[in-house]
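Student: Supplied structure: coords13.txt, compact mmCIF, C-alpha atoms and all ligand atoms.
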# COMPACT_ATOMS: atom_id res chain seq x y z
CA MET A 24 -2.59 -28.07 -7.01
CA MET A 25 -5.50 -25.67 -7.56
CA SER A 26 -8.88 -27.00 -8.51
CA SER A 27 -12.52 -25.88 -8.74
CA ILE A 28 -11.70 -22.19 -9.16
CA THR A 29 -14.72 -19.94 -8.71
CA ALA A 30 -15.25 -16.18 -8.66
CA VAL A 31 -15.47 -14.35 -5.34
CA TYR A 32 -18.50 -12.06 -5.41
CA PRO A 33 -19.03 -8.86 -3.43
CA HIS A 34 -21.49 -10.52 -1.01
CA GLN A 35 -18.63 -12.80 -0.02
CA PHE A 36 -16.54 -9.92 1.36
CA LEU A 37 -17.47 -10.98 4.80
CA PRO A 38 -19.30 -14.02 6.13
CA PRO A 39 -23.06 -13.45 5.74
CA LYS A 40 -23.57 -13.06 9.46
CA GLN A 41 -21.19 -10.11 9.41
CA MET A 42 -22.79 -8.60 6.31
CA GLU A 43 -26.08 -8.43 8.19
CA ASN A 44 -24.51 -6.65 11.13
CA ASP A 45 -24.63 -3.01 11.74
CA ASP A 46 -21.22 -1.63 12.61
CA HIS A 47 -21.68 -1.84 16.37
CA LYS A 48 -22.67 -5.50 16.52
CA GLU A 49 -19.65 -7.69 17.05
CA VAL A 50 -20.01 -11.32 15.98
CA PRO A 51 -17.18 -13.77 16.63
CA ASP A 52 -16.05 -15.77 13.59
CA ASN A 53 -17.06 -19.03 15.20
CA ALA A 54 -20.52 -17.86 16.35
CA SER A 55 -23.78 -19.65 15.57
CA GLU A 56 -25.72 -18.61 12.51
CA HIS A 57 -28.23 -16.21 14.11
CA CYS A 58 -25.86 -14.77 16.70
CA PRO A 59 -27.46 -11.63 18.23
CA GLY A 60 -24.00 -10.05 18.65
CA THR A 61 -21.78 -10.00 21.68
CA ARG A 62 -22.97 -6.55 22.74
CA SER A 63 -26.66 -7.48 22.62
CA GLU A 64 -28.90 -7.75 25.69
CA ASP A 65 -29.59 -11.30 24.46
CA ALA A 66 -25.93 -12.24 24.15
CA GLY A 67 -25.55 -15.82 25.38
CA LYS A 68 -29.27 -16.05 26.19
CA SER A 69 -31.15 -16.29 22.90
CA ASP A 70 -32.19 -19.59 21.30
CA ALA A 71 -29.48 -19.07 18.68
CA CYS A 72 -26.84 -19.15 21.42
CA ALA A 73 -27.59 -22.75 22.38
CA GLY A 74 -24.53 -24.84 21.59
CA CYS A 75 -22.39 -21.85 20.56
CA PRO A 76 -18.83 -22.13 21.93
CA ASN A 77 -19.06 -18.50 23.09
CA GLN A 78 -22.33 -18.88 25.00
CA GLU A 79 -20.86 -18.92 28.48
CA ALA A 80 -18.52 -15.98 27.86
CA CYS A 81 -21.31 -13.92 26.28
CA ALA A 82 -23.84 -14.74 29.01
CA SER A 83 -21.40 -13.72 31.74
CA SER A 84 -20.44 -10.42 30.07
CA ALA A 85 -22.61 -7.40 30.78
CA PRO A 86 -24.02 -5.81 27.59
CA ASN A 87 -21.47 -3.40 26.17
CA GLY A 88 -18.93 -4.94 28.53
CA PRO A 89 -15.71 -6.67 27.52
CA ASP A 90 -16.03 -8.05 24.01
CA PRO A 91 -15.87 -11.85 23.98
CA CYS A 92 -14.49 -11.60 20.43
CA TYR A 93 -11.20 -10.98 22.14
CA LEU A 94 -11.40 -14.43 23.68
CA HIS A 95 -10.90 -15.72 20.15
CA VAL A 96 -8.08 -13.43 19.20
CA ASN A 97 -5.58 -16.20 19.61
CA SER A 98 -7.42 -18.54 17.28
CA TYR A 99 -7.49 -16.11 14.36
CA LEU A 100 -3.96 -14.90 14.99
CA VAL A 101 -2.84 -18.51 14.75
CA ALA A 102 -4.88 -18.96 11.54
CA ILE A 103 -3.29 -15.83 10.04
CA ALA A 104 0.20 -16.90 11.12
CA GLU A 105 -0.30 -20.25 9.41
CA ARG A 106 -1.58 -18.61 6.23
CA ILE A 107 1.21 -16.04 6.10
CA ALA A 108 3.95 -18.56 6.93
CA THR A 109 4.92 -18.72 3.26
CA VAL A 110 5.71 -14.98 3.21
CA LYS A 111 9.29 -14.13 4.17
CA HIS A 112 9.08 -10.35 4.60
CA LYS A 113 6.23 -7.94 5.24
CA ILE A 114 6.69 -4.24 4.58
CA LEU A 115 4.16 -1.50 5.29
CA ILE A 116 4.00 1.63 3.17
CA LEU A 117 2.70 4.48 5.30
CA SER A 118 2.04 8.20 4.96
CA GLY A 119 0.66 10.88 7.23
CA LYS A 120 -1.28 12.68 4.48
CA GLY A 121 -3.21 11.48 1.45
CA GLY A 122 -2.10 12.10 -2.11
CA VAL A 123 1.62 12.16 -1.35
CA GLY A 124 2.36 9.21 -3.65
CA LYS A 125 2.27 6.29 -1.23
CA SER A 126 0.37 3.96 -3.58
CA THR A 127 2.57 5.04 -6.48
CA PHE A 128 5.65 4.15 -4.44
CA ALA A 129 4.14 0.83 -3.29
CA ALA A 130 3.30 -0.13 -6.88
CA GLN A 131 6.69 0.90 -8.31
CA LEU A 132 8.55 -0.78 -5.44
CA SER A 133 6.67 -4.00 -6.24
CA PHE A 134 7.60 -3.71 -9.92
CA ALA A 135 11.25 -3.10 -8.96
CA LEU A 136 11.38 -6.10 -6.62
CA ALA A 137 9.71 -8.31 -9.22
CA ASP A 138 12.31 -7.13 -11.78
CA MET A 139 14.96 -8.36 -9.34
CA ASP A 140 13.31 -11.80 -9.55
CA TYR A 141 11.80 -11.71 -6.10
CA GLN A 142 8.37 -13.21 -5.56
CA VAL A 143 6.19 -10.25 -4.62
CA GLY A 144 2.69 -9.80 -3.25
CA LEU A 145 0.95 -6.44 -2.93
CA LEU A 146 -1.87 -6.11 -0.41
CA ASP A 147 -3.98 -2.96 -0.62
CA ILE A 148 -5.65 -2.30 2.74
CA ASP A 149 -6.95 1.11 1.73
CA ILE A 150 -10.52 -0.12 2.06
CA CYS A 151 -12.32 3.13 1.28
CA GLY A 152 -10.00 4.32 -1.52
CA PRO A 153 -8.29 1.34 -3.16
CA SER A 154 -5.81 2.48 -5.84
CA MET A 155 -3.99 -0.72 -6.63
CA PRO A 156 -6.25 -2.10 -9.39
CA LYS A 157 -5.59 1.10 -11.38
CA MET A 158 -1.92 1.47 -10.45
CA LEU A 159 -1.20 -2.09 -11.55
CA GLY A 160 -3.34 -1.92 -14.69
CA LEU A 161 -5.81 -4.45 -13.26
CA GLU A 162 -9.11 -2.56 -13.34
CA GLY A 163 -12.13 -4.76 -13.94
CA GLN A 164 -10.38 -7.91 -12.65
CA THR A 165 -12.08 -10.09 -10.07
CA ILE A 166 -10.83 -12.44 -7.39
CA HIS A 167 -11.23 -16.19 -7.69
CA GLN A 168 -11.09 -18.83 -5.05
CA SER A 169 -9.81 -22.34 -5.10
CA ASN A 170 -9.54 -25.03 -2.47
CA LEU A 171 -6.38 -23.22 -1.31
CA GLY A 172 -8.16 -19.91 -0.69
CA TRP A 173 -8.64 -16.60 -2.49
CA SER A 174 -6.25 -16.20 -5.40
CA PRO A 175 -4.60 -12.80 -5.88
CA VAL A 176 -4.83 -11.13 -9.29
CA TYR A 177 -1.46 -11.35 -11.06
CA VAL A 178 0.50 -8.84 -13.16
CA ASP A 179 4.18 -9.36 -14.08
CA SER A 180 4.31 -12.17 -11.48
CA ILE A 181 3.13 -9.75 -8.74
CA GLY A 182 0.12 -11.09 -6.83
CA VAL A 183 -2.26 -8.25 -5.96
CA MET A 184 -5.18 -8.21 -3.52
CA SER A 185 -7.49 -5.23 -3.07
CA VAL A 186 -11.08 -4.53 -2.13
CA GLY A 187 -11.19 -2.83 -5.55
CA PHE A 188 -11.48 -6.31 -7.12
CA LEU A 189 -14.61 -6.99 -5.08
CA LEU A 190 -16.62 -3.90 -6.00
CA PRO A 191 -19.69 -4.37 -8.17
CA HIS A 192 -18.69 -1.35 -10.29
CA PRO A 193 -15.74 1.09 -10.24
CA ASP A 194 -17.77 3.96 -8.73
CA ALA A 195 -19.16 1.89 -5.85
CA ASP A 196 -18.31 3.51 -2.53
CA ILE A 197 -17.37 1.75 0.66
CA THR A 198 -18.49 3.64 3.73
CA TRP A 199 -17.55 1.41 6.61
CA ARG A 200 -16.71 1.98 10.21
CA GLY A 201 -13.70 0.40 11.84
CA PRO A 202 -15.07 -3.06 12.76
CA ARG A 203 -16.00 -3.89 9.17
CA LYS A 204 -12.69 -2.67 7.78
CA ASN A 205 -11.04 -4.72 10.48
CA GLY A 206 -13.13 -7.75 9.41
CA LEU A 207 -12.13 -7.47 5.76
CA ILE A 208 -8.42 -7.03 6.53
CA LYS A 209 -8.60 -10.06 8.78
CA GLN A 210 -10.32 -11.97 6.00
CA PHE A 211 -7.69 -10.95 3.44
CA LEU A 212 -4.97 -12.22 5.75
CA LYS A 213 -6.78 -15.46 6.54
CA GLU A 214 -8.19 -16.29 3.12
CA VAL A 215 -5.68 -15.18 0.51
CA TYR A 216 -3.31 -17.86 -0.69
CA TRP A 217 -0.12 -16.02 -1.66
CA GLY A 218 2.11 -19.04 -2.18
CA GLU A 219 5.83 -18.62 -1.49
CA LEU A 220 6.63 -14.88 -1.34
CA ASP A 221 9.88 -13.03 -0.68
CA PHE A 222 8.03 -9.77 -0.02
CA LEU A 223 4.50 -8.76 0.86
CA VAL A 224 4.19 -5.00 0.30
CA VAL A 225 1.20 -3.59 2.20
CA ASP A 226 -0.24 -0.30 0.92
CA THR A 227 -2.21 1.52 3.63
CA PRO A 228 -4.51 4.56 3.70
CA PRO A 229 -3.04 7.79 5.13
CA GLY A 230 -2.79 8.24 8.89
CA THR A 231 -2.73 5.96 11.88
CA SER A 232 -6.26 4.69 12.16
CA ASP A 233 -8.32 1.51 11.89
CA GLU A 234 -6.44 -0.10 9.01
CA GLN A 235 -2.98 0.47 10.48
CA ILE A 236 -4.08 -0.75 13.92
CA SER A 237 -5.65 -3.86 12.35
CA ILE A 238 -2.68 -4.86 10.23
CA VAL A 239 -0.28 -4.42 13.13
CA GLN A 240 -2.53 -6.44 15.41
CA PHE A 241 -3.11 -9.23 12.91
CA LEU A 242 0.50 -9.60 11.89
CA LYS A 243 1.94 -9.36 15.36
CA GLU A 244 2.39 -13.15 15.62
CA THR A 245 4.42 -13.30 12.43
CA GLY A 246 6.08 -9.89 12.72
CA ILE A 247 6.34 -6.96 10.32
CA ASP A 248 9.84 -6.32 8.97
CA GLY A 249 9.42 -2.58 8.81
CA ALA A 250 7.69 0.44 7.36
CA ILE A 251 8.59 2.94 4.67
CA ILE A 252 7.00 6.36 5.16
CA VAL A 253 6.25 8.47 2.09
CA THR A 254 5.91 12.24 2.35
CA THR A 255 6.08 15.41 0.28
CA PRO A 256 8.49 18.23 1.25
CA GLN A 257 5.91 20.60 2.75
CA GLN A 258 5.89 21.12 6.48
CA VAL A 259 2.22 20.14 6.83
CA SER A 260 3.08 16.72 5.44
CA LEU A 261 6.21 16.37 7.56
CA ILE A 262 4.28 17.12 10.76
CA ASP A 263 2.22 14.02 10.07
CA VAL A 264 5.28 11.93 9.21
CA ARG A 265 6.51 12.55 12.73
CA LYS A 266 3.23 11.08 13.97
CA GLU A 267 3.73 8.02 11.72
CA ALA A 268 7.24 7.56 13.11
CA SER A 269 5.90 7.82 16.68
CA PHE A 270 3.19 5.27 15.85
CA CYS A 271 5.80 2.85 14.50
CA LYS A 272 7.92 3.27 17.61
CA ARG A 273 4.95 2.68 19.91
CA VAL A 274 3.82 -0.50 18.16
CA GLY A 275 7.38 -1.78 17.71
CA ILE A 276 7.74 -1.49 13.93
CA ARG A 277 11.14 -0.52 12.54
CA VAL A 278 11.08 2.51 10.25
CA LEU A 279 13.10 1.36 7.25
CA GLY A 280 13.20 4.94 6.05
CA VAL A 281 11.42 7.99 4.70
CA VAL A 282 10.97 8.83 1.01
CA GLU A 283 10.44 12.46 -0.02
CA ASN A 284 8.19 12.34 -3.08
CA MET A 285 7.25 15.16 -5.48
CA SER A 286 10.46 16.76 -4.33
CA GLY A 287 10.96 19.54 -6.87
CA LEU A 288 10.82 19.36 -10.62
CA SER A 289 13.65 17.58 -12.39
CA GLN A 290 14.01 17.96 -16.13
CA PRO A 291 16.66 16.82 -18.56
CA VAL A 292 19.04 19.77 -19.15
CA SER A 293 18.51 19.62 -22.88
CA ASP A 294 14.75 20.12 -22.48
CA LEU A 295 15.29 23.29 -20.51
CA LYS A 296 17.80 24.75 -22.93
CA TYR A 297 15.61 23.87 -25.84
CA LEU A 298 12.50 25.34 -24.20
CA LYS A 299 14.33 28.53 -23.22
CA ARG A 300 15.64 29.07 -26.71
CA ALA A 301 12.31 28.35 -28.34
CA LYS A 302 10.59 30.73 -25.91
CA THR A 303 13.11 33.52 -26.50
CA ARG A 304 12.81 33.25 -30.23
CA ARG A 305 9.03 32.59 -30.00
CA GLU A 306 9.34 29.95 -32.66
CA GLU A 307 9.68 26.22 -33.07
CA PRO A 308 12.95 25.05 -34.53
CA GLU A 309 11.97 24.62 -38.15
CA ASP A 310 15.45 23.90 -39.23
CA VAL A 311 16.10 20.17 -39.53
CA THR A 312 19.55 20.55 -38.01
CA GLU A 313 18.05 22.30 -34.98
CA ARG A 314 15.55 19.52 -34.49
CA VAL A 315 18.22 16.85 -34.84
CA LEU A 316 20.41 18.70 -32.35
CA ALA A 317 17.52 18.94 -29.88
CA VAL A 318 16.99 15.17 -30.06
CA LEU A 319 20.72 14.53 -29.71
CA ARG A 320 20.95 16.84 -26.70
CA GLU A 321 18.08 15.04 -25.07
CA LYS A 322 19.66 11.64 -25.68
CA ALA A 323 23.06 12.88 -24.49
CA SER A 324 21.63 14.30 -21.27
CA GLU A 325 19.71 11.09 -20.74
CA LEU A 326 22.87 9.03 -21.21
CA LEU A 327 24.90 11.32 -18.97
CA GLY A 328 22.08 11.74 -16.48
CA LEU A 329 22.14 15.56 -16.71
CA VAL A 330 19.15 16.94 -14.88
CA ALA A 331 18.20 20.48 -13.83
CA PHE A 332 16.35 20.83 -10.56
CA THR A 333 13.64 23.42 -9.84
CA GLU A 334 12.19 23.69 -6.35
CA VAL A 335 8.39 23.65 -6.39
CA PHE A 336 7.33 23.45 -2.75
CA ASP A 337 8.83 25.48 0.07
CA SER A 338 11.39 23.29 1.79
CA SER A 339 13.07 26.01 3.83
CA GLY A 340 12.30 23.92 6.92
CA GLY A 341 14.88 21.40 5.72
CA GLY A 342 12.45 18.90 4.24
CA ALA A 343 12.28 15.21 5.08
CA ALA A 344 16.06 14.82 5.40
CA LYS A 345 16.23 17.20 8.38
CA MET A 346 13.18 15.65 9.98
CA CYS A 347 14.80 12.20 9.68
CA VAL A 348 17.90 13.39 11.54
CA GLU A 349 15.72 14.77 14.32
CA LYS A 350 13.63 11.61 14.59
CA GLY A 351 16.62 9.28 14.20
CA VAL A 352 15.18 7.42 11.20
CA PRO A 353 16.89 6.77 7.85
CA PHE A 354 16.27 9.16 4.97
CA LEU A 355 16.04 7.11 1.80
CA GLY A 356 16.02 9.85 -0.82
CA LYS A 357 13.93 12.10 -3.05
CA VAL A 358 11.69 11.33 -6.00
CA PRO A 359 11.03 14.36 -8.25
CA LEU A 360 7.65 15.67 -9.29
CA ASP A 361 7.49 14.02 -12.68
CA PRO A 362 4.45 14.23 -14.98
CA GLN A 363 5.74 11.15 -16.78
CA LEU A 364 5.76 9.13 -13.56
CA CYS A 365 2.19 10.25 -12.90
CA LYS A 366 1.14 9.18 -16.39
CA THR A 367 2.96 5.86 -16.22
CA ALA A 368 1.57 5.09 -12.73
CA GLU A 369 -1.96 5.94 -13.79
CA GLU A 370 -1.60 3.70 -16.83
CA GLY A 371 -0.78 0.93 -14.37
CA LYS A 372 2.73 0.41 -15.70
CA SER A 373 6.22 0.13 -14.31
CA CYS A 374 8.39 3.24 -14.75
CA PHE A 375 11.57 1.16 -14.89
CA GLY A 376 13.15 0.81 -18.30
CA ARG A 377 10.86 3.45 -19.82
CA ASP A 378 12.67 6.27 -21.59
CA GLU A 379 10.04 8.88 -20.82
CA CYS A 380 10.28 8.59 -17.03
CA TRP A 381 13.97 7.87 -16.66
CA VAL A 382 14.43 10.81 -14.26
CA SER A 383 12.02 9.48 -11.63
CA ALA A 384 12.90 5.85 -12.39
CA SER A 385 16.56 6.51 -11.58
CA ALA A 386 15.58 8.30 -8.35
CA LEU A 387 13.38 5.36 -7.34
CA SER A 388 16.11 2.86 -8.24
CA ALA A 389 18.64 4.78 -6.15
CA ILE A 390 16.23 4.65 -3.19
CA ILE A 391 15.55 0.97 -3.54
CA ASN A 392 19.24 0.19 -3.92
CA GLN A 393 20.26 2.47 -1.08
CA TRP A 394 17.60 0.91 1.02
CA SER A 395 19.35 -2.39 0.18
CA ILE A 396 16.60 -4.13 2.04
CA CYS A 397 16.70 -6.97 -0.40
CA ASP A 398 20.26 -7.94 0.47
CA GLN A 399 19.82 -7.37 4.18
CA PHE A 400 16.58 -9.26 4.39
CA MET A 401 17.56 -12.07 2.13
CA LYS A 402 20.77 -12.62 4.10
CA ASN A 403 18.80 -12.70 7.34
CA SER A 404 16.35 -15.22 6.02
CA ASN A 405 18.86 -17.61 4.47
N1 LIG B 1 6.60 11.89 -8.10
C1 LIG B 1 5.43 12.12 -8.68
N2 LIG B 1 5.31 12.99 -9.71
C2 LIG B 1 4.12 13.24 -10.29
N3 LIG B 1 2.97 12.66 -9.90
C3 LIG B 1 3.02 11.79 -8.88
C4 LIG B 1 4.24 11.46 -8.22
N4 LIG B 1 3.96 10.56 -7.24
C5 LIG B 1 2.64 10.33 -7.32
N5 LIG B 1 2.07 11.06 -8.28
C6 LIG B 1 0.65 11.12 -8.65
O1 LIG B 1 -0.05 11.73 -7.57
C7 LIG B 1 -1.35 11.15 -7.41
C8 LIG B 1 -1.52 10.64 -6.00
O2 LIG B 1 -0.62 9.57 -5.80
P1 LIG B 1 -0.99 8.31 -4.91
O3 LIG B 1 -2.36 7.82 -5.20
O4 LIG B 1 0.14 7.36 -5.04
O5 LIG B 1 -0.98 8.99 -3.46
P2 LIG B 1 -1.37 8.33 -2.08
O6 LIG B 1 -0.45 8.92 -1.08
O7 LIG B 1 -1.37 6.85 -2.16
O8 LIG B 1 -2.83 8.85 -1.89
P3 LIG B 1 -3.97 8.25 -0.91
O9 LIG B 1 -3.29 7.82 0.33
O10 LIG B 1 -4.87 9.41 -0.68
O11 LIG B 1 -4.58 7.09 -1.64
C9 LIG B 1 -1.45 10.06 -8.48
O12 LIG B 1 -2.09 10.61 -9.60
C10 LIG B 1 0.01 9.75 -8.82
O13 LIG B 1 0.16 9.28 -10.15
Kindly return the structure encoded in the file as structure tokens.

Tutor:
Amino acid sequence: MMSSITAVYPHQFLPPKQMENDDHKEVPDNASEHCPGTRSEDAGKSDACAGCPNQEACASSAPNGPDPCYLHVNSYLVAIAERIATVKHKILILSGKGGVGKSTFAAQLSFALADMDYQVGLLDIDICGPSMPKMLGLEGQTIHQSNLGWSPVYVDSIGVMSVGFLLPHPDADITWRGPRKNGLIKQFLKEVYWGELDFLVVDTPPGTSDEQISIVQFLKETGIDGAIIVTTPQQVSLIDVRKEASFCKRVGIRVLGVVENMSGLSQPVSDLKYLKRAKTRREEPEDVTERVLAVLREKASELLGLVAFTEVFDSSGGGAAKMCVEKGVPFLGKVPLDPQLCKTAEEGKSCFGRDECWVSASALSAIINQWSICDQFMKNSN
């Protein structure tokens, strides 16, 4: 039972002692209040070190030598494992490049899973560029804490956690080096009370850097079920997907599959015919019958799923499907470049069940169904 709910303010991102640190000064979670940092000349020797459980380890380490923080790795991994024990499945959403639609996919996947009556959490660990508050229509929301921990912000039963909820204003920048990002991700995993979840979807920044290393390290006790890699069809994006797949292999994370997003332009057939005719005649159909026919054609093509495909980016290299064969990872499918999906995602809404983005919604549904992770995972966990 939750009680005494209070807001979590930006200065509570990290414990005060870490807020005062510069990025090179490591302070163990259990250190005394005025800890000089494990890399300091005074580590283990200053007055503040008296009585600290790390004193001996710090005093015996040469400055800039092995970091005694690692002596406490086990304690926070255990704390995270206990906290995350109520989460059945953890899925990372990765991409090699930015702007390929990873956050869009993570948000729409969460909506789809919630529609299937799963309990879903969405953790945004893109610390410097959090998109989830916008993509879930939760801008301006703040995090609260209760005696159980930090409460996610909820939309359509999806619990969402993002650094975006902790910013003093939407334009505030976060310019942090690795250790501070690491600290916040650790804090999210230790502090957030998700309750019983079927899926925790983790949206990451592009690449294989601090955030990816942290999440893999922190969840290694409990295990990560797998990763979905999002790409666009261009070769420059696919080169980086190969790196993501190699990263997953090296750290022992199963690649659940690759999604090719913005994969050509798909339009209802009726739209194309209508546009072509209007362009040829250089006039709008003034005739009522013409207009009625245009609407009927659109509805008919929607019902029949008739879509015309136009290639936008060069995919002569074979696109993601070919790359998947070479890397031996599943190809999950293509999502078209769809202005309506962009609009819907930026309005923070689900594309499922919306007439205007039925083309991309059906592509996403096909991917999620083909992925059939829900069945597989739920069977394994029952
Ligand atoms: N299939 C699509 N069709 C049209 N627009 C799309 C599609 N997928 C994503 N977008 C739009 O592209 C933009 C970038 O998407 P998104 O933020 O999801 O990318 P990202 O890979 O998460 O980027 P970053 O990693 O840099 O945060 C957004 O405006 C989004 O609405």

Student: List every residue of chain A that has an atom at most 8 Å from any atom of ligand LIG 1 (chain B), and for each one report the closest atom pair and its distance in Å to one decimal, counting all atoms listed in the file, with rows sorted by chain and then by increasing residue number, as a Markdown table.

Tutor:
| residue | atom | partner | partner_atom | distance |
| --- | --- | --- | --- | --- |
| A:Ser118 | CA | B:LIG1 | O6 | 6.6 |
| A:Lys120 | CA | B:LIG1 | O9 | 6.7 |
| A:Gly121 | CA | B:LIG1 | O10 | 3.4 |
| A:Gly122 | CA | B:LIG1 | O8 | 3.3 |
| A:Val123 | CA | B:LIG1 | O6 | 3.9 |
| A:Gly124 | CA | B:LIG1 | O4 | 3.2 |
| A:Lys125 | CA | B:LIG1 | O6 | 3.8 |
| A:Ser126 | CA | B:LIG1 | O7 | 3.7 |
| A:Thr127 | CA | B:LIG1 | O4 | 3.7 |
| A:Phe128 | CA | B:LIG1 | O4 | 6.4 |
| A:Ala129 | CA | B:LIG1 | O4 | 7.9 |
| A:Asp149 | CA | B:LIG1 | O11 | 7.3 |
| A:Gly152 | CA | B:LIG1 | O11 | 6.1 |
| A:Pro153 | CA | B:LIG1 | O11 | 7.0 |
| A:Ser154 | CA | B:LIG1 | O11 | 6.4 |
| A:Asp226 | CA | B:LIG1 | O7 | 7.9 |
| A:Thr227 | CA | B:LIG1 | O9 | 7.2 |
| A:Pro228 | CA | B:LIG1 | O9 | 4.8 |
| A:Pro229 | CA | B:LIG1 | O9 | 4.8 |
| A:Val253 | CA | B:LIG1 | O6 | 7.4 |
| A:Thr254 | CA | B:LIG1 | O6 | 8.0 |
| A:Asn284 | CA | B:LIG1 | N1 | 5.3 |
| A:Met285 | CA | B:LIG1 | N1 | 4.2 |
| A:Ser286 | CA | B:LIG1 | N1 | 7.3 |
| A:Val358 | CA | B:LIG1 | N1 | 5.5 |
| A:Pro359 | CA | B:LIG1 | N1 | 5.1 |
| A:Leu360 | CA | B:LIG1 | N2 | 3.6 |
| A:Asp361 | CA | B:LIG1 | N2 | 3.8 |
| A:Pro362 | CA | B:LIG1 | C2 | 4.8 |
| A:Gln363 | CA | B:LIG1 | C2 | 7.0 |
| A:Leu364 | CA | B:LIG1 | N2 | 5.5 |
| A:Cys365 | CA | B:LIG1 | O13 | 3.6 |
| A:Lys366 | CA | B:LIG1 | O13 | 6.3 |
| A:Thr367 | CA | B:LIG1 | O13 | 7.5 |
| A:Ala368 | CA | B:LIG1 | O13 | 5.1 |
| A:Glu369 | CA | B:LIG1 | O13 | 5.4 |
| A:Ser383 | CA | B:LIG1 | N1 | 6.9 |

Student: At a cut-off of 8 Å, using all atoms listed in the file, what residues contact Ile114 (chain A)? Leave out same-chain residues fewer than 6 positions from it and give the result as a list in words.

Tutor: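 So the residues in contact are Phe222, Leu223, Val224, Val225, Ile247, Asp248, Gly249, Ala250 and Ile251 of chain A.
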
Student: When you count all atoms listed in the file, which of these residues is closest to Asp140 (chain A): A:Leu100, A:Leu220, A:Ala108, A:Ala82?

Tutor: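 Looking only at the distances to Asp140 (chain A), the closest residue turns out to be A:Leu220.
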
Student: Report, in Å with one decimal, the straight-line distance from CA of Gln78 (chain A) to CA of Glu234 (chain A).

Tutor: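 Taking CA of Gln78 (chain A) and CA of Glu234 (chain A), their separation equals 29.3 Å.
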
Student: So how many Å separate CA of Gly160 (chain A) and CA of Lys209 (chain A), to one decimal?

Tutor: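 The value is 25.4 Å.
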
Student: What is the distance between CA of Pro59 (chain A) and CA of Gly201 (chain A), in Å to one decimal?

Tutor: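 Distance between the two atoms: 19.4 Å.
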
Student: Looking at all atoms listed in the file, which of A:Ser289, A:Leu207, A:Glu370, A:Phe354 is the one that sits closest to Glu162 (chain A)?

Tutor: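 Of the candidates, the smallest distance to Glu162 (chain A) is held by A:Glu370.
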
Student: Between A:Gln235, A:Thr165, A:Gln210, A:Ser338, single out the one closest to Leu261 (chain A), counting only C-alpha atoms.

Tutor: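 With only C-alpha atoms as the atom set, the closest residue is A:Ser338.
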
Student: Please report, as AutoDock Vina command-line options, the centre and edge lengths in Å to one decimal of an axis-aligned box covering all listed atoms of region 171-175 of chain A with 3 Å per side.

Tutor:
--center_x -6.6 --center_y -18.0 --center_z -3.3 --size_x 10.0 --size_y 16.4 --size_z 11.2

Student: List the spatial neighbours of Gln258 (chain A) as a ChimeraX atom specification - criterion: any atom at most 10 Å away, only C-alpha atoms, same-chain residues fewer than 5 positions off excluded.

Tutor: /A:263-264,336-343,346
